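Note: the block below is start39.txt and it holds compact mmCIF, C-alpha atoms.
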```txt
# COMPACT_ATOMS: atom_id res chain seq x y z
CA MET A 14 20.10 -22.38 -17.23
CA ALA A 15 23.60 -21.14 -16.27
CA ASN A 16 26.17 -23.67 -15.08
CA GLY A 17 23.35 -26.03 -14.18
CA VAL A 18 21.47 -23.40 -12.16
CA GLN A 19 17.88 -22.62 -13.12
CA LEU A 20 17.50 -18.84 -13.27
CA ILE A 21 14.19 -17.01 -13.35
CA CYS A 22 14.72 -13.66 -15.02
CA TRP A 23 13.09 -10.38 -16.00
CA ASP A 24 14.36 -7.87 -18.56
CA SER A 25 16.01 -4.97 -16.77
CA SER A 26 17.32 -2.70 -19.45
CA ASP A 27 17.04 0.41 -17.30
CA ARG A 28 16.31 -0.53 -13.69
CA PHE A 29 16.75 -3.82 -11.87
CA GLY A 30 13.45 -5.35 -10.85
CA ILE A 31 11.46 -8.54 -10.38
CA GLY A 32 7.91 -9.41 -11.44
CA ILE A 33 5.41 -9.53 -8.60
CA GLN A 34 1.73 -9.21 -7.83
CA VAL A 35 0.45 -7.75 -4.58
CA THR A 36 -2.63 -9.17 -2.89
CA SER A 37 -4.50 -8.31 0.27
CA PRO A 38 -4.77 -11.05 2.90
CA SER A 39 -8.40 -11.49 1.81
CA GLY A 40 -7.29 -12.21 -1.75
CA ALA A 41 -7.93 -8.93 -3.59
CA MET A 42 -5.26 -8.98 -6.27
CA HIS A 43 -3.22 -6.48 -8.19
CA SER A 44 -4.36 -7.24 -11.73
CA GLU A 45 -1.20 -8.49 -13.38
CA GLU A 46 2.49 -9.15 -12.78
CA GLU A 47 4.44 -5.92 -12.64
CA VAL A 48 8.21 -5.61 -12.68
CA VAL A 49 8.97 -3.66 -9.52
CA GLN A 50 12.26 -1.90 -9.00
CA LEU A 51 14.69 -3.11 -6.34
CA ASP A 52 15.88 -0.27 -4.12
CA THR A 53 18.63 -1.13 -1.66
CA GLY A 54 18.39 2.38 -0.20
CA TYR A 55 14.94 1.57 1.18
CA SER A 56 15.12 -0.47 4.37
CA GLU A 57 11.61 -2.00 4.52
CA GLU A 58 9.84 -4.66 2.43
CA ILE A 59 7.62 -2.96 -0.12
CA LEU A 60 6.39 0.53 -0.89
CA LEU A 61 3.10 0.65 -2.79
CA PRO A 62 1.62 3.47 -4.81
CA TYR A 63 -1.11 5.06 -2.70
CA SER A 64 -3.72 4.33 -5.39
CA LEU A 65 -2.84 0.62 -5.36
CA PHE A 66 -2.95 0.51 -1.55
CA GLU A 67 -6.45 1.99 -1.68
CA SER A 68 -7.69 -0.17 -4.54
CA LEU A 69 -6.67 -3.36 -2.72
CA ASN A 70 -8.60 -2.16 0.35
CA LEU A 71 -5.48 -2.56 2.43
CA ARG A 72 -6.90 -0.15 5.01
CA ARG A 73 -8.90 -3.14 6.18
CA TRP A 74 -5.57 -4.69 7.22
CA ARG A 75 -3.90 -1.58 8.61
CA LEU A 76 -1.43 -1.41 11.47
CA PRO A 77 -2.06 1.24 14.11
CA SER A 78 -0.57 4.62 13.22
CA SER A 79 1.21 4.89 16.57
CA ILE A 80 3.49 1.93 15.83
CA SER A 81 4.07 2.75 12.15
CA PRO A 82 7.45 4.35 11.40
CA HIS A 83 8.37 7.54 9.66
CA GLY A 84 11.11 8.37 7.18
CA THR A 85 12.95 11.50 6.17
CA THR A 86 13.70 12.23 2.53
CA VAL A 87 16.96 13.66 1.27
CA THR A 88 15.25 17.04 1.14
CA GLY A 89 14.30 16.80 4.81
CA GLN A 90 10.61 16.10 4.34
CA VAL A 91 9.11 13.71 6.89
CA ILE A 92 7.03 10.83 5.55
CA ARG A 93 4.42 9.27 7.83
CA PHE A 94 3.88 5.76 6.56
CA ILE A 95 0.56 3.94 6.45
CA GLU A 96 1.20 0.21 6.90
CA SER A 97 -0.82 -2.91 6.35
CA HIS A 98 -0.47 -6.64 6.05
CA ALA A 99 -0.28 -7.87 2.46
CA ASP A 100 1.06 -10.73 0.34
CA ILE A 101 3.62 -10.55 -2.42
CA VAL A 102 3.21 -13.24 -5.07
CA ILE A 103 5.97 -14.03 -7.56
CA PRO A 104 3.95 -15.62 -10.38
CA LYS A 105 6.96 -17.09 -12.18
CA THR A 106 7.97 -19.12 -9.12
CA GLY A 107 4.60 -19.48 -7.41
CA GLU A 108 6.04 -18.09 -4.18
CA ARG A 109 3.84 -16.15 -1.77
CA HIS A 110 5.34 -13.99 0.96
CA ARG A 111 3.41 -12.27 3.74
CA VAL A 112 4.80 -8.78 4.23
CA ILE A 113 4.10 -5.44 5.81
CA ALA A 114 3.37 -3.06 2.95
CA GLN A 115 3.88 0.67 3.25
CA THR A 116 2.55 3.71 1.47
CA PHE A 117 1.98 7.37 2.16
CA GLU A 118 -0.56 9.83 0.86
CA GLY A 119 0.18 10.83 -2.71
CA ASN A 120 2.92 8.27 -3.25
CA THR A 121 3.33 6.97 -6.79
CA ARG A 122 6.52 4.94 -6.24
CA PHE A 123 6.46 1.14 -6.32
CA LEU A 124 9.64 -0.23 -4.73
CA ILE A 125 10.99 -3.44 -3.24
CA GLY A 126 13.34 -2.78 -0.32
CA ARG A 127 16.09 -4.54 1.58
CA ALA A 128 13.88 -6.35 4.09
CA PHE A 129 12.18 -8.23 1.25
CA LEU A 130 15.44 -8.86 -0.64
CA ARG A 131 16.71 -10.73 2.43
CA ARG A 132 14.22 -13.48 1.56
CA LEU A 133 15.67 -13.99 -1.95
CA LYS A 134 18.85 -14.71 -3.84
CA VAL A 135 19.03 -12.14 -6.62
CA LEU A 136 21.40 -11.81 -9.55
CA LEU A 137 21.80 -8.31 -11.00
CA ASP A 138 23.02 -9.11 -14.49
CA GLY A 139 24.01 -5.79 -15.98
CA VAL A 140 25.79 -7.33 -18.95
CA ASP A 141 22.71 -9.15 -20.20
CA GLN A 142 20.33 -6.48 -18.86
CA ARG A 143 18.27 -8.72 -16.64
CA THR A 144 17.44 -9.41 -12.99
CA CYS A 145 17.25 -13.06 -11.97
CA LEU A 146 16.22 -15.11 -8.99
CA LEU A 147 18.48 -17.97 -7.99
CA PRO A 148 17.24 -21.06 -6.16
CA LEU A 149 17.41 -20.52 -2.39
CA ASN A 150 19.58 -23.61 -2.03
CA TRP A 151 22.11 -22.25 -4.51
CA ASN A 152 25.67 -21.70 -3.22
CA ASP A 153 28.60 -20.81 -5.40
CA MET B 13 -32.65 13.73 -14.28
CA LEU B 14 -31.06 16.11 -11.81
CA LYS B 15 -31.45 19.82 -12.49
CA ILE B 16 -29.77 22.53 -10.49
CA GLU B 17 -29.21 26.24 -10.93
CA LEU B 18 -25.73 27.54 -10.27
CA PRO B 19 -24.96 31.11 -9.24
CA GLN B 20 -24.58 32.99 -12.53
CA LYS B 21 -20.92 33.97 -12.05
CA LEU B 22 -19.91 30.45 -11.09
CA GLN B 23 -21.78 28.99 -14.05
CA GLN B 24 -20.13 31.37 -16.51
CA GLU B 25 -16.66 30.66 -15.17
CA PHE B 26 -17.30 26.91 -15.13
CA GLU B 27 -18.63 26.86 -18.69
CA ARG B 28 -15.71 28.92 -19.95
CA ALA B 29 -13.11 26.68 -18.25
CA ALA B 30 -14.80 23.42 -19.28
CA LYS B 31 -15.12 24.49 -22.93
CA SER B 32 -11.50 25.59 -23.08
CA PHE B 33 -10.28 22.33 -21.57
CA TYR B 34 -12.37 19.84 -23.57
CA SER B 35 -12.85 20.13 -27.31
CA THR B 36 -16.46 18.93 -27.34
CA ASP B 37 -19.17 18.39 -24.76
CA GLY B 38 -16.95 20.08 -22.18
CA VAL B 39 -19.56 21.11 -19.63
CA HIS B 40 -21.09 17.64 -19.48
CA GLN B 41 -17.71 15.94 -19.05
CA ALA B 42 -16.47 18.42 -16.47
CA LEU B 43 -19.65 18.10 -14.41
CA ILE B 44 -19.28 14.32 -14.28
CA GLU B 45 -15.67 14.67 -13.15
CA ALA B 46 -16.62 17.25 -10.54
CA VAL B 47 -19.24 14.96 -9.03
CA GLU B 48 -16.83 12.00 -9.10
CA LEU B 49 -14.16 14.07 -7.38
CA TRP B 50 -16.58 15.25 -4.70
CA LEU B 51 -17.72 11.69 -4.01
CA PHE B 52 -14.10 10.49 -3.79
CA GLN B 53 -13.11 13.27 -1.39
CA HIS B 54 -16.20 12.70 0.74
CA GLN B 55 -15.44 8.98 0.93
CA GLN B 56 -11.78 9.69 1.78
CA SER B 57 -12.65 12.00 4.62
CA LYS B 58 -15.06 9.42 6.05
CA VAL B 59 -12.35 6.76 5.90
CA GLU B 60 -9.87 9.11 7.57
CA GLU B 61 -12.36 9.79 10.36
CA GLU B 62 -12.86 6.05 10.76
CA ALA B 63 -9.09 5.54 10.91
CA ALA B 64 -8.66 8.26 13.55
CA THR B 65 -11.39 6.63 15.67
CA ASN B 66 -9.72 3.23 15.37
CA ASP B 67 -6.26 4.60 16.18
CA SER B 68 -7.65 6.33 19.23
CA ALA B 69 -9.39 3.13 20.36
CA PHE B 70 -6.12 1.23 19.91
CA GLU B 71 -4.30 3.71 22.16
CA LYS B 72 -6.90 3.25 24.87
CA LEU B 73 -6.80 -0.54 24.58
CA ALA B 74 -3.05 -1.02 24.07
CA LEU B 75 -2.13 -1.91 27.65
CA ASP B 76 -5.07 -4.26 28.02
CA LEU B 77 -4.22 -5.98 24.72
CA GLU B 78 -0.59 -6.48 25.78
CA LYS B 79 -1.72 -7.93 29.09
CA ASN B 80 -4.51 -10.21 27.90
CA TYR B 81 -3.94 -10.98 24.23
CA ALA B 82 -0.18 -11.31 23.72
CA GLY B 83 0.54 -13.37 20.60
CA LYS B 84 -3.05 -13.08 19.32
CA TRP B 85 -4.32 -11.28 16.25
CA VAL B 86 -6.74 -8.52 17.15
CA VAL B 87 -9.10 -6.38 15.08
CA ILE B 88 -10.25 -2.90 16.08
CA ALA B 89 -12.93 -1.35 13.92
CA GLU B 90 -15.75 1.13 14.45
CA GLY B 91 -13.83 2.31 17.50
CA LYS B 92 -13.85 -0.94 19.44
CA LEU B 93 -12.26 -4.35 19.73
CA GLN B 94 -14.14 -6.59 17.30
CA GLY B 95 -12.46 -9.87 18.13
CA THR B 96 -9.28 -11.89 18.35
CA GLY B 97 -7.86 -14.94 16.59
CA ASN B 98 -4.82 -17.09 16.09
CA SER B 99 -4.18 -16.06 12.48
CA LEU B 100 -4.99 -13.36 9.96
CA THR B 101 -7.45 -15.75 8.34
CA GLU B 102 -9.34 -16.13 11.60
CA VAL B 103 -9.87 -12.38 11.92
CA GLU B 104 -10.75 -11.72 8.29
CA ALA B 105 -14.50 -11.69 8.78
CA PHE B 106 -14.65 -9.21 11.66
CA ALA B 107 -16.35 -5.87 10.86
CA PRO B 108 -17.21 -6.78 7.25
CA ASN B 109 -18.50 -3.30 6.39
CA ALA B 110 -15.64 -1.31 7.88
CA LYS B 111 -13.48 0.57 5.37
CA ASP B 112 -10.71 0.88 7.95
CA ARG B 113 -9.62 -1.67 10.54
CA VAL B 114 -6.59 -1.89 12.79
CA VAL B 115 -5.30 -5.44 12.51
CA MET B 116 -2.24 -6.53 14.44
CA LEU B 117 -0.45 -9.31 16.16
CA VAL B 118 -0.22 -8.17 19.76
CA GLY B 119 3.42 -7.68 20.63
CA LEU B 120 4.50 -6.79 17.10
CA ARG B 121 7.20 -4.13 17.16
CA ARG B 122 7.98 -1.89 14.22
CA PRO B 123 11.09 0.21 13.63
CA LYS B 124 10.71 3.86 14.57
CA THR B 125 12.30 5.07 11.37
CA VAL B 126 12.68 3.85 7.79
CA GLU B 127 15.62 4.52 5.52
CA VAL B 128 14.00 5.85 2.39
CA GLY B 129 17.04 6.23 0.14
CA TRP B 130 17.15 8.88 -2.53
CA GLN B 131 14.10 7.90 -4.56
CA MET B 132 11.26 8.66 -2.24
CA ALA B 133 9.80 12.10 -2.19
CA PHE B 134 6.47 13.78 -1.97
CA ASN B 135 4.99 13.80 -5.44
```
Give the structure from the file, written as structure tokens.
Amino acid sequence: MANGVQLICWDSSDRFGIGIQVTSPSGAMHSEEEVVQLDTGYSEEILLPYSLFESLNLRRWRLPSSISPHGTTVTGQVIRFIESHADIVIPKTGERHRVIAQTFEGNTRFLIGRAFLRRLKVLLDGVDQRTCLLPLNWND
Amino acid sequence: MLKIELPQKLQQEFERAAKSFYSTDGVHQALIEAVELWLFQHQQSKVEEEAATNDSAFEKLALDLEKNYAGKWVVIAEGKLQGTGNSLTEVEAFAPNAKDRVVMLVGLRRPKTVEVGWQMAFN
């Protein structure tokens, strides 16, 4: 509780992140809450490790390749994304968000991007080394 | 029990590598991993073939879908349109044995490019 506002927080000693679980639309669930890094340099909703994408059978919810976007890394390599429908659950709040999840072959990164952050109010508390969610109706 | 005879040179090289990598029971462990890897790769290539078939079917159907199913959820699997529905839940059961399905809301537009920031790279 800070100034009467209920904060929901995760320790973020190194990187800022929030605790989520990913599920497929049919309910297959990522086993436990994982603190996933927030990356404001990534424009989409969520990037999943390729192994997680496969283990959740998200290919059964795949978008056609022809409409899926590509990205270019700082080294000039082109990434062809594989996309599918998925749900992000925030166990601490009970929220469930339907998203378009992305991955690419061999990817091991797990990132939350700007498109998903637009659904939340997030406090990056560097002093106390934590990342917190604020209530959506909160205004300073 | 499965018994096979490997070409002598291959067997010698395999035994040498497996014993140097694992401290005990190396050949047994390495054989299990080799079979697991082969099965995984075989499965992956089948799924990729399935995906290519579904993508190709989507391309052929795209205009028809836009014309007749705008705003509907559609499922393409096994190279053909499996059905339509008003929600993801309604289309969940289509093609229950397919490893790959194209599932989309007709009319959905995606950005052409994604900003990937500095973190993403090929691993």
**Message:** Under the rule that all atoms listed in the file are counted, which of B:Gln53, B:Thr96, B:Val118, B:Leu14 is the nearest residue to Lys79 (chain B)?
**Reply:** B:Val118
**Message:** Set the distance at 6 Å and use only C-alpha atoms: which residues neighbour region 140-152 of chain A once local chain neighbours fewer than 6 positions away are removed? I'd like the list as JSON, numbers by chain.
**Reply:** {"A": [20, 21, 22, 23, 24, 25, 26, 29, 134]}
With C-alpha atoms retained, export the selected residues as a CSV table (one decimal), in the coordinates of the input.
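Result went into selection_5.csv, see below:
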```
chain,number,residue,atom,x,y,z
A,20,LEU,CA,17.5,-18.8,-13.3
A,21,ILE,CA,14.2,-17.0,-13.4
A,22,CYS,CA,14.7,-13.7,-15.0
A,23,TRP,CA,13.1,-10.4,-16.0
A,24,ASP,CA,14.4,-7.9,-18.6
A,25,SER,CA,16.0,-5.0,-16.8
A,26,SER,CA,17.3,-2.7,-19.4
A,29,PHE,CA,16.8,-3.8,-11.9
A,134,LYS,CA,18.8,-14.7,-3.8
```
**Prompt:** Rounded to one decimal in Å, what is the spacing between CA of Gln55 (chain B) and CA of His43 (chain A)?
**Reply:**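 We find that CA of Gln55 (chain B) and CA of His43 (chain A) lie 21.7 Å from each other.
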**Best match for closeness to chain A among B:Leu120, B:Leu77, B:Val115, B:Val59, counting only C-alpha atoms** = B:Val115
**Request:** For chain B, report every residue with an atom at most 9 Å from chain A (counting all atoms listed in the file), formatted as JSON, numbers by chain.
**Result:** {"B": [59, 63, 64, 66, 67, 70, 71, 87, 89, 100, 101, 104, 110, 111, 112, 113, 114, 115, 116, 120, 121, 122, 123, 124, 125, 126, 127, 128, 129, 130, 131, 132, 133, 134, 135]}
**Prompt:** Which residues, written as a PyMOL selection string, have at least one atom at most 10 Å from Ile103 (chain A), with all atoms listed in the file counted and residues fewer than 4 positions away on the same chain left out?
**Reply:** chain A and resi 31-35+46-47+107-110
**Asked** Of the candidates B:Ala30, B:Lys15, B:Glu62, B:Asn109, which shows the shortest atom-to-atom distance to Leu43 (chain B), using all atoms listed in the file?
**Response**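 With all atoms listed in the file as the atom set, the closest residue is B:Ala30.
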**Prompt:** If you measure from CA of Ala82 (chain B) to CA of Leu69 (chain A), what distance in Å do you get, rounded to one decimal?
**Reply:**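 CA of Leu69 (chain A) lies 28.4 Å from CA of Ala82 (chain B).
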